[in-house]
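As stored in coords_5.tsv (TSV, C-alpha atoms):
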chain	number	residue	atom	x	y	z
H	652	MET	CA	1.96	39.42	8.47
H	653	SER	CA	2.25	40.38	12.11
H	654	SER	CA	0.12	38.68	14.75
H	655	HIS	CA	-1.15	40.28	17.89
H	656	PRO	CA	-1.81	38.41	21.13
H	657	PRO	CA	-5.45	38.35	22.23
H	658	ALA	CA	-6.40	41.09	24.62
H	659	ALA	CA	-6.14	39.98	28.21
H	660	VAL	CA	-9.21	40.14	30.39
H	661	PRO	CA	-8.72	43.08	32.76
H	662	ARG	CA	-7.70	41.88	36.19
H	663	GLU	CA	-10.26	44.10	37.88
H	664	GLY	CA	-12.99	42.51	35.79
H	665	VAL	CA	-12.01	39.07	37.02
H	666	LEU	CA	-11.94	40.30	40.60
H	667	SER	CA	-15.39	41.81	40.18
H	668	VAL	CA	-16.78	38.48	38.98
H	669	VAL	CA	-15.18	36.71	41.96
H	670	CYS	CA	-16.65	39.30	44.32
H	671	LEU	CA	-20.14	38.87	42.85
H	672	ALA	CA	-19.85	35.10	43.23
H	673	LEU	CA	-18.94	35.52	46.90
H	674	LEU	CA	-21.86	37.86	47.44
H	675	ALA	CA	-24.27	35.45	45.73
H	676	ALA	CA	-23.45	32.53	48.06
H	677	PRO	CA	-25.59	33.55	51.09
H	678	TRP	CA	-28.54	34.28	48.80
H	679	LEU	CA	-28.30	30.79	47.35
H	680	GLY	CA	-28.49	29.40	50.89
H	681	LEU	CA	-31.99	30.88	51.24
H	682	ALA	CA	-33.20	28.37	48.65
H	683	GLY	CA	-31.90	25.38	50.61
H	684	ARG	CA	-35.33	23.80	50.89
H	685	TRP	CA	-35.31	23.19	47.14
H	686	HIS	CA	-32.07	21.21	46.86
H	687	TRP	CA	-29.38	19.92	49.20
H	688	THR	CA	-26.59	21.63	47.26
H	689	LEU	CA	-28.24	25.01	47.84
H	690	ASP	CA	-28.60	24.27	51.56
H	691	LEU	CA	-24.82	23.81	51.74
H	692	PHE	CA	-24.51	27.53	51.03
H	693	SER	CA	-26.51	28.32	54.19
H	694	HIS	CA	-23.87	27.12	56.61
H	695	PHE	CA	-21.02	29.62	56.25
H	696	GLN	CA	-22.59	32.85	57.48
H	697	GLY	CA	-19.60	33.83	59.62
H	698	GLN	CA	-17.34	33.41	56.60
H	699	TYR	CA	-19.76	35.39	54.43
H	700	LEU	CA	-19.61	38.29	56.87
H	701	PHE	CA	-15.84	38.48	56.50
H	702	ALA	CA	-16.06	38.08	52.72
H	703	GLY	CA	-18.75	40.76	52.41
H	704	LEU	CA	-16.73	43.27	54.41
H	705	THR	CA	-13.67	42.53	52.28
H	706	VAL	CA	-15.62	43.00	49.05
H	707	LEU	CA	-17.15	46.23	50.34
H	708	ALA	CA	-13.74	47.63	51.25
H	709	TRP	CA	-12.35	46.74	47.82
H	710	ALA	CA	-15.37	48.21	46.04
H	711	VAL	CA	-15.05	51.47	47.96
H	712	TRP	CA	-11.33	51.63	47.16
H	713	ARG	CA	-11.96	51.03	43.45
H	714	ARG	CA	-15.05	53.27	43.41
H	715	ARG	CA	-17.34	50.56	42.07
H	716	ARG	CA	-20.70	51.81	43.22
H	717	GLY	CA	-22.74	48.91	41.87
H	718	LEU	CA	-20.58	46.41	43.71
H	719	GLN	CA	-20.79	48.52	46.86
H	720	GLY	CA	-24.58	48.31	46.75
H	721	CYS	CA	-24.52	44.53	46.24
H	722	ALA	CA	-22.09	44.14	49.15
H	723	LEU	CA	-24.26	46.25	51.46
H	724	LEU	CA	-27.39	44.27	50.61
H	725	THR	CA	-25.56	40.99	51.22
H	726	LEU	CA	-24.15	42.24	54.52
H	727	LEU	CA	-27.66	43.18	55.64
H	728	LEU	CA	-28.86	39.67	54.81
H	729	VAL	CA	-25.96	38.01	56.61
H	730	ALA	CA	-26.35	40.28	59.64
H	731	GLY	CA	-30.02	39.33	59.88
H	732	LEU	CA	-29.27	35.63	59.67
H	733	LEU	CA	-26.41	35.86	62.14
H	734	GLY	CA	-28.53	37.86	64.53
H	735	ARG	CA	-30.74	34.83	65.13
H	736	ALA	CA	-27.82	32.73	66.32
H	737	PHE	CA	-25.32	35.20	67.73
H	738	LEU	CA	-27.22	37.90	69.57
H	739	PRO	CA	-27.09	36.89	73.24
H	740	VAL	CA	-30.34	36.41	75.08
H	741	ASN	CA	-31.08	36.34	78.79
H	742	PRO	CA	-32.24	32.78	79.45
H	743	ALA	CA	-34.79	32.16	82.14
H	744	ARG	CA	-32.91	31.36	85.31
H	745	PRO	CA	-33.82	27.87	86.50
H	746	ALA	CA	-35.40	27.76	89.91
H	747	THR	CA	-33.64	24.45	90.60
H	748	PRO	CA	-30.00	23.31	90.47
H	749	THR	CA	-28.78	22.67	86.96
H	750	LEU	CA	-27.80	19.42	85.35
H	751	ARG	CA	-24.48	19.44	83.48
H	752	VAL	CA	-24.43	17.60	80.15
H	753	ILE	CA	-21.55	17.10	77.71
H	754	SER	CA	-22.06	16.11	74.09
H	755	LEU	CA	-18.92	15.14	72.18
H	756	ASN	CA	-18.12	13.57	68.84
H	757	VAL	CA	-14.86	11.88	69.84
H	758	LEU	CA	-13.82	11.07	66.22
H	759	THR	CA	-13.35	7.38	65.57
H	760	ALA	CA	-9.75	7.82	64.37
H	761	ASN	CA	-8.72	10.08	67.28
H	762	PRO	CA	-5.63	8.48	68.87
H	763	ASP	CA	-5.68	10.69	71.97
H	764	LYS	CA	-8.15	8.62	73.94
H	765	ALA	CA	-6.38	9.19	77.25
H	766	ARG	CA	-6.81	12.97	76.97
H	767	VAL	CA	-10.50	12.58	76.16
H	768	LEU	CA	-10.98	10.29	79.15
H	769	ALA	CA	-9.13	12.69	81.45
H	770	TYR	CA	-11.29	15.60	80.32
H	771	LEU	CA	-14.55	13.69	80.76
H	772	THR	CA	-13.49	12.43	84.19
H	773	ALA	CA	-12.55	15.93	85.39
H	774	SER	CA	-15.64	17.58	83.92
H	775	GLU	CA	-17.96	16.44	86.73
H	776	ALA	CA	-20.76	16.29	84.16
H	777	ASP	CA	-23.89	14.42	85.15
H	778	VAL	CA	-24.62	13.09	81.65
H	779	LEU	CA	-22.15	12.30	78.86
H	780	PHE	CA	-23.31	11.65	75.32
H	781	LEU	CA	-20.51	10.46	73.04
H	782	MET	CA	-20.53	9.76	69.31
H	783	GLU	CA	-18.34	7.82	66.84
H	784	ILE	CA	-17.76	5.07	69.38
H	785	ASP	CA	-16.16	1.89	68.06
H	786	ALA	CA	-14.82	-1.13	69.98
H	787	GLU	CA	-11.51	0.61	70.80
H	788	TRP	CA	-13.29	3.64	72.18
H	789	ALA	CA	-15.65	1.46	74.21
H	790	ALA	CA	-12.65	-0.20	75.87
H	791	ALA	CA	-10.92	3.14	76.49
H	792	LEU	CA	-14.02	4.58	78.18
H	793	GLU	CA	-14.44	1.69	80.65
H	794	PRO	CA	-13.22	3.83	83.63
H	795	LEU	CA	-16.21	6.14	83.19
H	796	LYS	CA	-18.46	3.35	84.39
H	797	ARG	CA	-17.19	3.93	87.93
H	798	SER	CA	-18.17	7.61	88.03
H	799	HIS	CA	-21.27	7.15	85.85
H	800	PRO	CA	-22.79	3.83	86.95
H	801	HIS	CA	-25.73	4.12	84.56
H	802	HIS	CA	-24.59	3.67	80.98
H	803	HIS	CA	-25.19	2.11	77.62
H	804	LEU	CA	-22.62	1.68	74.85
H	805	GLU	CA	-23.50	0.91	71.24
H	806	PRO	CA	-20.12	0.57	69.47
H	807	ARG	CA	-20.11	0.25	65.69
H	808	PRO	CA	-17.35	-0.20	63.11
H	809	ASP	CA	-18.56	2.87	61.18
H	810	ASN	CA	-18.73	6.45	62.49
H	811	PHE	CA	-22.15	6.14	64.13
H	812	GLY	CA	-21.54	4.27	67.36
H	813	LEU	CA	-22.96	5.88	70.52
H	814	ALA	CA	-22.35	5.88	74.25
H	815	LEU	CA	-24.42	7.36	77.05
H	816	PHE	CA	-23.06	7.67	80.60
H	817	SER	CA	-25.08	9.08	83.49
H	818	ARG	CA	-24.85	9.60	87.22
H	819	LEU	CA	-28.66	9.45	87.25
H	820	PRO	CA	-30.61	6.26	86.54
H	821	LEU	CA	-31.50	5.74	82.89
H	822	GLN	CA	-35.07	4.51	82.61
H	823	ASN	CA	-36.74	2.98	79.56
H	824	LEU	CA	-33.57	3.31	77.53
H	825	ARG	CA	-33.79	2.28	73.91
H	826	ILE	CA	-31.68	2.50	70.78
H	827	PHE	CA	-33.69	3.26	67.66
H	828	ARG	CA	-33.06	4.34	64.08
H	829	PRO	CA	-35.03	7.43	63.04
H	830	ALA	CA	-36.01	7.20	59.37
H	831	ASP	CA	-33.94	3.99	59.14
H	832	GLY	CA	-30.73	6.01	59.45
H	833	PRO	CA	-27.90	5.91	62.01
H	834	PRO	CA	-28.93	4.98	65.56
H	835	ALA	CA	-30.12	7.39	68.21
H	836	VAL	CA	-30.61	6.87	71.93
H	837	GLN	CA	-33.59	7.75	74.10
H	838	ALA	CA	-33.80	7.49	77.88
H	839	GLU	CA	-35.84	8.94	80.71
H	840	LEU	CA	-34.07	10.69	83.60
H	841	VAL	CA	-35.31	12.22	86.82
H	842	HIS	CA	-33.76	15.47	87.99
H	843	GLU	CA	-35.04	17.37	91.03
H	844	GLU	CA	-37.96	14.92	91.24
H	845	ARG	CA	-39.08	15.80	87.71
H	846	SER	CA	-38.84	13.53	84.70
H	847	PHE	CA	-37.58	14.39	81.24
H	848	VAL	CA	-36.51	12.53	78.11
H	849	PHE	CA	-32.96	12.67	76.79
H	850	LEU	CA	-32.49	12.18	73.05
H	851	GLY	CA	-28.99	11.76	71.63
H	852	ALA	CA	-28.57	11.75	67.86
H	853	HIS	CA	-25.87	11.84	65.19
H	854	PRO	CA	-27.39	12.15	61.71
H	855	PRO	CA	-25.07	11.70	58.72
H	856	PRO	CA	-23.26	14.67	57.17
H	857	PRO	CA	-24.83	16.08	53.96
H	858	LEU	CA	-22.09	14.73	51.70
H	859	GLY	CA	-24.24	14.02	48.67
H	860	GLY	CA	-27.92	13.96	47.92
H	861	ARG	CA	-28.67	10.61	49.58
H	862	LEU	CA	-26.95	11.47	52.86
H	863	ALA	CA	-28.42	14.97	52.94
H	864	ALA	CA	-31.91	13.52	52.48
H	865	LEU	CA	-31.26	10.97	55.23
H	866	ARG	CA	-30.04	13.69	57.63
H	867	ASP	CA	-33.15	15.77	56.95
H	868	ALA	CA	-35.40	12.73	57.35
H	869	GLN	CA	-33.80	11.83	60.68
H	870	LEU	CA	-34.22	15.32	62.09
H	871	THR	CA	-37.84	15.39	60.92
H	872	ALA	CA	-38.43	11.97	62.50
H	873	LEU	CA	-36.95	13.20	65.79
H	874	ALA	CA	-39.27	16.21	65.72
H	875	ARG	CA	-42.23	13.89	65.24
H	876	GLN	CA	-40.96	11.67	68.04
H	877	VAL	CA	-40.98	14.63	70.41
H	878	ALA	CA	-44.58	15.43	69.48
H	879	LYS	CA	-45.60	11.99	70.77
H	880	LEU	CA	-43.92	12.38	74.17
H	881	ASP	CA	-45.81	13.66	77.19
H	882	ARG	CA	-42.82	15.14	78.97
H	883	PRO	CA	-40.07	17.69	78.28
H	884	VAL	CA	-37.15	16.69	76.06
H	885	LEU	CA	-33.45	17.46	75.88
H	886	LEU	CA	-31.97	16.73	72.45
H	887	ALA	CA	-28.18	16.85	72.02
H	888	GLY	CA	-25.62	15.71	69.50
H	889	ASP	CA	-23.66	16.37	66.36
H	890	LEU	CA	-26.57	17.19	64.09
H	891	ASN	CA	-24.44	18.04	61.05
H	892	ALA	CA	-26.42	21.23	60.42
H	893	THR	CA	-25.89	24.87	61.35
H	894	PRO	CA	-28.57	27.16	62.84
H	895	TRP	CA	-29.28	28.57	59.35
H	896	SER	CA	-29.85	25.23	57.66
H	897	GLN	CA	-33.29	24.17	56.51
H	898	ALA	CA	-32.61	20.83	58.21
H	899	LEU	CA	-33.13	22.25	61.71
H	900	ARG	CA	-36.47	23.89	60.99
H	901	PRO	CA	-38.58	20.81	61.92
H	902	LEU	CA	-37.03	20.93	65.40
H	903	THR	CA	-37.91	24.57	66.02
H	904	ALA	CA	-41.38	23.92	64.59
H	905	ALA	CA	-41.77	21.10	67.13
H	906	GLY	CA	-41.23	23.51	70.02
H	907	PHE	CA	-37.51	23.07	70.59
H	908	THR	CA	-35.54	26.07	71.75
H	909	SER	CA	-31.79	26.54	71.98
H	910	LEU	CA	-29.49	29.00	73.68
H	911	HIS	CA	-27.80	31.89	71.94
H	912	PRO	CA	-25.17	32.69	70.94
H	913	ALA	CA	-24.46	29.54	68.92
H	914	TRP	CA	-20.78	30.44	68.82
H	915	PRO	CA	-17.88	29.67	69.09
H	916	PRO	CA	-18.04	26.84	66.54
H	917	THR	CA	-17.70	23.21	67.51
H	918	TRP	CA	-16.43	21.74	64.21
H	919	ARG	CA	-13.04	22.60	62.73
H	920	ALA	CA	-12.67	25.34	65.33
H	921	GLY	CA	-9.85	27.73	64.50
H	922	SER	CA	-10.01	27.10	60.75
H	923	ILE	CA	-11.76	28.99	57.96
H	924	PHE	CA	-14.23	26.10	57.76
H	925	ALA	CA	-15.33	26.41	61.40
H	926	LEU	CA	-19.06	25.73	61.87
H	927	PRO	CA	-21.48	25.34	64.81
H	928	ILE	CA	-23.00	21.92	64.04
H	929	ASP	CA	-23.17	20.44	67.57
H	930	HIS	CA	-26.37	21.48	69.32
H	931	ALA	CA	-28.54	21.17	72.38
H	932	PHE	CA	-32.29	21.84	72.24
H	933	VAL	CA	-34.94	21.64	74.94
H	934	THR	CA	-38.70	21.81	75.19
H	935	SER	CA	-40.44	23.67	78.02
H	936	PRO	CA	-40.31	23.67	80.99
H	937	LEU	CA	-36.65	22.64	80.60
H	938	VAL	CA	-34.29	25.59	80.24
H	939	LEU	CA	-30.79	25.78	78.83
H	940	ARG	CA	-28.86	27.92	81.27
H	941	SER	CA	-25.45	27.99	79.59
H	942	ARG	CA	-23.62	26.75	76.50
H	943	ARG	CA	-19.84	26.48	76.24
H	944	THR	CA	-17.32	24.70	74.07
H	945	GLY	CA	-14.57	22.62	75.63
H	946	PRO	CA	-10.90	22.23	74.73
H	947	ASN	CA	-9.26	20.64	71.72
H	948	LEU	CA	-9.10	16.90	72.47
H	949	GLY	CA	-7.75	15.63	69.16
H	950	SER	CA	-11.17	15.33	67.53
H	951	ASP	CA	-12.45	17.53	64.71
H	952	HIS	CA	-15.23	18.51	67.15
H	953	ARG	CA	-14.99	20.44	70.39
H	954	PRO	CA	-17.08	19.25	73.34
H	955	LEU	CA	-20.40	21.01	73.85
H	956	GLU	CA	-20.96	21.73	77.54
H	957	ILE	CA	-24.46	22.73	78.63
H	958	ASP	CA	-26.28	23.31	81.90
H	959	VAL	CA	-29.97	22.42	82.02
H	960	GLY	CA	-32.56	23.28	84.64
H	961	TRP	CA	-36.27	23.74	85.16
H	962	ARG	CA	-38.13	26.94	84.47
Re-express the file's structure as C-alpha cells.
Amino acid sequence: MSSHPPAAVPREGVLSVVCLALLAAPWLGLAGRWHWTLDLFSHFQGQYLFAGLTVLAWAVWRRRRGLQGCALLTLLLVAGLLGRAFLPVNPARPATPTLRVISLNVLTANPDKARVLAYLTASEADVLFLMEIDAEWAAALEPLKRSHPHHHLEPRPDNFGLALFSRLPLQNLRIFRPADGPPAVQAELVHEERSFVFLGAHPPPPLGGRLAALRDAQLTALARQVAKLDRPVLLAGDLNATPWSQALRPLTAAGFTSLHPAWPPTWRAGSIFALPIDHAFVTSPLVLRSRRTGPNLGSDHRPLEIDVGWR
C-alpha cells in the first residue's frame, strides 16, 4: 500500500493569514479601554503604516482584491490616527521669551554618565527633569548644582528615582505618589513675572495588567490634580504611553494640550520598536513653542527638549 504525504498548506494562504493579522492589529488598539492587552496594540501606528503599505503592495501584485480592500481600510484608519499626532500645527507664538525645559529618562544602568552630564551642561536649559535616578546618578549629577542652584533629588534603588534642577527658584516643591504609584514632583516657578506649576512624572510601563492599571491610575490622578490647581501647568516626563493610547485621554480631557508633530520617537529611536512615549503638556495660557529630541546619550530614551512661553 502506498502512502501519500499530506497536502501542504499553500504558501500564499499562509501569507494571506499573516497579512490579515497585521491589518487587524490597529483595529484591536481601538478597543484599548476594555483591556490593557488591547491598548498595547494602539502604540505602533508608525509601524502599522509601513505594514499596511507592504500588504497593499503584495495584494496588488497577487491580485487579491479582498485583501486590497482590507489594506486600504486599515491604511485609512492609521492615517487618521497618525494625523492627530503628526500633522504639524502652527503654535501660538508666545509674546514673552521662552523657557527651555529638558525631560530625560537617563536609564539607571546607563554607564555613560559623563556624556549625559556634558549634554545637560551645554544645553543651557532653564529646567531639567531627570528620571531613573539612583545614588550613582545623583553623585554624577552634582556639578549641575552650580549651574542650576535650585534643585531636588529623590534617588531610589529602583527605576523611579527623580531629579529636578532649575535656574529659577522652586517654590512649594513636594514629592508625592499619584494613585500610590511611583513618585512625581510638583513645584511652582515664576517666569516673566507669572507663576505656573511644573509636574514631572514617570508612571510604570504597561508590562502586565497590574502595572498597566497603575500607569492609567497615575495619569488619571495627575489629571485630577491639575483640576484642583488655580494656575497653568506644565507636565513633562516619560509617561509610558503614546499619543494614541487610552491612557493619555484623561490628560486631554483635563485641558492639557501638546505640540505636534509627536515625532521623531523618544524611545528605542532608530529601531523598529521606536515609540513617542516622552511627552510635554501644558494648560492655557502656557504655550509649547517647540519640541525636539536630543542626541543618543546611551539611554534607551532620547532627551525631549521643549520651549515654553506665555500666550
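Straight-line separation from atom CA of H:His842 to atom CA of H:Val877: 19.0 Å.
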Name the residues in contact with H:Pro854 at a cut-off of 7 Å, using all atoms listed in the file, excluding same-chain residues fewer than 5 positions from it; report them as a JSON list (two decimals) with C-alpha atoms, keeping the file's coordinate frame.
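Result went into result14.json, see below:
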[["chain", "number", "residue", "atom", "x", "y", "z"],
["H", 833, "PRO", "CA", -27.90, 5.91, 62.01],
["H", 866, "ARG", "CA", -30.04, 13.69, 57.63],
["H", 869, "GLN", "CA", -33.80, 11.83, 60.68],
["H", 890, "LEU", "CA", -26.57, 17.19, 64.09],
["H", 891, "ASN", "CA", -24.44, 18.04, 61.05]]
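Near H:Asp831, within 10 Å and counting only C-alpha atoms, sit H:Leu865, H:Ala868, H:Gln869, H:Ala872, not including residues fewer than 6 positions from it in the same chain.
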Selected residues, C-alpha atoms, written as a PDB file, keeping the file's coordinate frame, please.
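Contents of out_18.pdb, as written:
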ATOM      1  CA  LEU H 865     -31.260  10.970  55.230  1.00  0.00           C
ATOM      2  CA  ALA H 868     -35.400  12.730  57.350  1.00  0.00           C
ATOM      3  CA  GLN H 869     -33.800  11.830  60.680  1.00  0.00           C
ATOM      4  CA  ALA H 872     -38.430  11.970  62.500  1.00  0.00           C
TER       5      ALA H 872
END
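Of the residues listed (H:Leu792, H:Leu733, H:Val938, H:Ile753), H:Ile753 shows the shortest atom-to-atom separation from H:Glu775; distances use only C-alpha atoms.
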Expected residue set, 6 Å radius at (-23.5, 24.3, 76.5), all atoms listed in the file, as JSON, numbers by chain: {"H": [941, 942, 943, 955, 956, 957]}
Output C-alpha atoms for every residue in the selection just made, as a PDB file, in the coordinates of the input.
ATOM      1  CA  SER H 941     -25.450  27.990  79.590  1.00  0.00           C
ATOM      2  CA  ARG H 942     -23.620  26.750  76.500  1.00  0.00           C
ATOM      3  CA  ARG H 943     -19.840  26.480  76.240  1.00  0.00           C
ATOM      4  CA  LEU H 955     -20.400  21.010  73.850  1.00  0.00           C
ATOM      5  CA  GLU H 956     -20.960  21.730  77.540  1.00  0.00           C
ATOM      6  CA  ILE H 957     -24.460  22.730  78.630  1.00  0.00           C
TER       7      ILE H 957
END
Assuming 8 Å of padding per side, give the centre and edge lengths of the axis-aligned box around every listed atom of stretch 896-903 of chain H, in Å to one decimal and as AutoDock Vina command-line options.
--center_x -34.2 --center_y 23.0 --center_z 61.3 --size_x 24.7 --size_y 20.4 --size_z 25.5
Distance query H:Pro834 at most 8 Å, all atoms listed in the file, self and fewer than 5 positions along chain excluded, as number ranges by chain: H: 811-813, 826-829, 852-853
Point-to-point distance from atom CA of H:Thr893 to atom CA of H:Ser846, Å rounded to tenths: 29.0 Å
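Among the candidate residues H:Ile923, H:Leu840, H:Leu724, H:Ala676, the one lying nearest to H:Asp690 is H:Ala676, with distances computed using only C-alpha atoms.
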H:Ala874, H:Leu718, H:Ala838, H:Ala672 ranked by distance to H:Phe907, top pick (using all atoms listed in the file): H:Ala874
Between atom CA of H:Leu886 and atom CA of H:Phe924 - distance in Å to one decimal: 24.9 Å
Residue contacts of stretch 806-810 of chain H (12 Å, all atoms listed in the file) excluding same-chain residues fewer than 4 positions away, as an MDAnalysis selection string: chainID H and resid 756:761 781:792 814:815 826 833:834 853:856 889
Contact residues around H:Glu844 with all atoms listed in the file at 12 Å, ignoring same-chain residues under 4 positions, as a PyMOL selection string: chain H and resi 747-748+819+840+960-961
Residue list as a ChimeraX atom specification for point (-37.5, 12.2, 74.0), cut-off 12 Å, only C-alpha atoms: /H:822-827,835-840,846-852,872-887,907,932-934
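You can rank H:Leu671, H:Ser693, H:Leu666, H:Thr688 by their closest distance to H:Gly720 using only C-alpha atoms, and at the top of that list sits H:Leu671.
When all atoms listed in the file are used to measure the gap to H:Arg684, the shortest distance among H:Pro936, H:Gly734, H:Gly906, H:Pro901 belongs to H:Pro901.
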